[in-house]
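Undergrad: Just passing along the structure, written as structure tokens.
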Amino acid sequence: MKTPAAKLEFPLSESIGAMVRMTHQAFTRDLQRHLAEHDIPVGMWFYLRALWEEDKLTQRELSRRVGATEPTTAQQLVKMEARGYITRQRAQSDRRTSHVSLTRRGRALKARLLPYAVAVNETAVDGLKASEVRQLRTLLEKVRTGLEQREEALANDAAGAVSPSSETRGPAPRRSSTGSAAQERS
């Protein structure tokens with residue numbers, strides 16, 4: 001079924017995805033300026049953050065938490081290991097599984113680098129009330145959860161298991177520029 005050309009217009013200014021991406025890029029640029037003083041690429045930063053929160057993760061779990069592919073994670077871990085920030089140990093029960101642990105040097109980076117993340121986040125929300133910051137976190141979590149549920153439903157559909165909710169739900173309603181739900185189904 002063809003969609004009329006008018007429905008194909010979707011300006012970037014109305015795209016939540018584009019807004020989130022541009023915001024993330026602004027965060028990254030600001031943070032990278034600080035990290036560069038310590039010769040830490042922003043790509044490495046995400047792995048350090050995850051390991052500071054929970055050490056001794058498997059390589060697969062670390063990939064999942066950072067939102068990177070396993071080959072990308074493997075490349076980053078080689079660099080981190082060469083700098084002395086992490087060690088990797090094979091699991092005794094499954095030699096294919098590798099556990100990643102911070103070294104003393106990797107843990108010590110936290111005290112020097114984490115304040116930069118705090119400063120960048122504070123700059124980003126400067127001018128917002130505490131209640132607005134809480135609301136922003138809540139809304140972003142809802143958006144992320146909705147996308148993850150859709151991803152899971154699509155994966156289940158691809159595997160031959162049709163989710164009952166996806167059969168009746170159909171595509172998500174599109175929000176108009178005024179913020180009201182605008183059902184645009186053909």
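Scheme for the structure tokens: letters A, B, ... for chains in order shown; per-chain residue numbers from 1; ligand numbers from 1 in order shown.
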Counting only C-alpha atoms, what is within 12 Å of Glu61 of chain A, bar same-chain residues fewer than 6 positions away, as a list in words?
TA: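 Final neighbour list, sorted by chain and number: Tyr47, Ala50, Leu51, Glu54, Asp55, Gly67, Ala68, Thr69, Glu70, Thr73, Thr97, Ser98, His99 and Val100 of chain A.
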Undergrad: By how many Å are atom CA of Val125 of chain A and atom CA of Glu148 of chain A apart?
TA: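 Going from atom CA of Val125 of chain A over to atom CA of Glu148 of chain A, I get 25.6 Å.
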Undergrad: Within segment 7-185 of chain A, find each residue whose DSSP state, derived from the backbone, is strand (DSSP E), and express the selection as an mmCIF file with N, CA, C and O atoms, in the first residue's frame.
TA:
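Final output, part12.cif:
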```cif
data_model
loop_
_atom_site.group_PDB
_atom_site.id
_atom_site.type_symbol
_atom_site.label_atom_id
_atom_site.label_comp_id
_atom_site.auth_asym_id
_atom_site.auth_seq_id
_atom_site.Cartn_x
_atom_site.Cartn_y
_atom_site.Cartn_z
ATOM 1 N N LEU A 57 32.598 -7.641 34.674
ATOM 2 C CA LEU A 57 31.522 -8.007 33.758
ATOM 3 C C LEU A 57 32.073 -8.898 32.660
ATOM 4 O O LEU A 57 33.251 -8.810 32.313
ATOM 5 N N THR A 58 31.200 -9.713 32.082
ATOM 6 C CA THR A 58 31.635 -10.448 30.900
ATOM 7 C C THR A 58 31.722 -9.448 29.743
ATOM 8 O O THR A 58 31.086 -8.389 29.766
ATOM 9 N N ILE A 86 42.527 -2.226 32.270
ATOM 10 C CA ILE A 86 41.716 -3.426 32.521
ATOM 11 C C ILE A 86 42.574 -4.678 32.372
ATOM 12 O O ILE A 86 43.665 -4.636 31.798
ATOM 13 N N THR A 87 42.030 -5.768 32.890
ATOM 14 C CA THR A 87 42.547 -7.102 32.589
ATOM 15 C C THR A 87 41.363 -7.931 32.120
ATOM 16 O O THR A 87 40.209 -7.636 32.459
ATOM 17 N N ARG A 88 41.658 -8.950 31.339
ATOM 18 C CA ARG A 88 40.620 -9.888 30.894
ATOM 19 C C ARG A 88 41.038 -11.290 31.302
ATOM 20 O O ARG A 88 42.184 -11.675 31.119
ATOM 21 N N GLN A 89 40.068 -12.018 31.847
ATOM 22 C CA GLN A 89 40.333 -13.392 32.256
ATOM 23 C C GLN A 89 39.260 -14.299 31.674
ATOM 24 O O GLN A 89 38.065 -13.967 31.718
ATOM 25 N N ARG A 90 39.693 -15.411 31.154
ATOM 26 C CA ARG A 90 38.757 -16.406 30.633
ATOM 27 C C ARG A 90 38.035 -17.087 31.790
ATOM 28 O O ARG A 90 38.636 -17.372 32.831
ATOM 29 N N SER A 98 34.862 -14.194 28.543
ATOM 30 C CA SER A 98 35.943 -13.414 29.132
ATOM 31 C C SER A 98 35.355 -12.418 30.116
ATOM 32 O O SER A 98 34.371 -11.745 29.818
ATOM 33 N N HIS A 99 35.944 -12.324 31.312
ATOM 34 C CA HIS A 99 35.520 -11.351 32.322
ATOM 35 C C HIS A 99 36.487 -10.174 32.299
ATOM 36 O O HIS A 99 37.702 -10.352 32.262
ATOM 37 N N VAL A 100 35.924 -8.969 32.328
ATOM 38 C CA VAL A 100 36.712 -7.744 32.254
ATOM 39 C C VAL A 100 36.730 -7.107 33.638
ATOM 40 O O VAL A 100 35.682 -6.884 34.239
ATOM 41 N N SER A 101 37.941 -6.807 34.118
ATOM 42 C CA SER A 101 38.103 -6.187 35.432
ATOM 43 C C SER A 101 38.981 -4.958 35.313
ATOM 44 O O SER A 101 39.946 -4.935 34.542
ATOM 45 N N LEU A 102 38.653 -3.962 36.077
ATOM 46 C CA LEU A 102 39.491 -2.762 36.144
ATOM 47 C C LEU A 102 40.758 -3.060 36.931
ATOM 48 O O LEU A 102 40.726 -3.803 37.908
ATOM 49 N N ARG A 174 1.587 8.951 15.955
ATOM 50 C CA ARG A 174 2.547 10.025 15.762
ATOM 51 C C ARG A 174 2.039 11.266 16.457
ATOM 52 O O ARG A 174 0.857 11.575 16.403
ATOM 53 N N ARG A 175 2.923 11.962 17.123
ATOM 54 C CA ARG A 175 2.531 13.175 17.832
ATOM 55 C C ARG A 175 2.665 14.350 16.880
ATOM 56 O O ARG A 175 3.639 14.476 16.176
ATOM 57 N N ALA A 181 -1.566 13.282 20.343
ATOM 58 C CA ALA A 181 -1.412 12.076 19.523
ATOM 59 C C ALA A 181 -2.228 12.233 18.251
ATOM 60 O O ALA A 181 -3.394 12.583 18.279
ATOM 61 N N ALA A 182 -1.583 11.997 17.153
ATOM 62 C CA ALA A 182 -2.277 12.094 15.868
ATOM 63 C C ALA A 182 -2.158 10.745 15.176
ATOM 64 O O ALA A 182 -1.095 10.388 14.715
#
```
Undergrad: Taking into account only C-alpha atoms, which residue in the set A:Ala155, A:Leu113, A:Val20, A:Ile40 is nearest to Leu139 of chain A?
TA: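 Of A:Ala155, A:Leu113, A:Val20, A:Ile40, the one nearest Leu139 of chain A, counting only C-alpha atoms, is A:Val20.
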Undergrad: Write out as a ChimeraX atom specification the residues lying within 9 Å of segment 117-121 of chain A, counting only C-alpha atoms and excluding same-chain residues fewer than 4 positions away.
TA: /A:27,30-31,34,113,125-126
Undergrad: Give the helix (DSSP H, G or I) residues of segment 36-166 of chain A, as DSSP finds them on the backbone, and put them as an MDAnalysis selection string.
TA: chainID A and resid 36 42:53 59:66 70:82 104:125 130:158 164:166
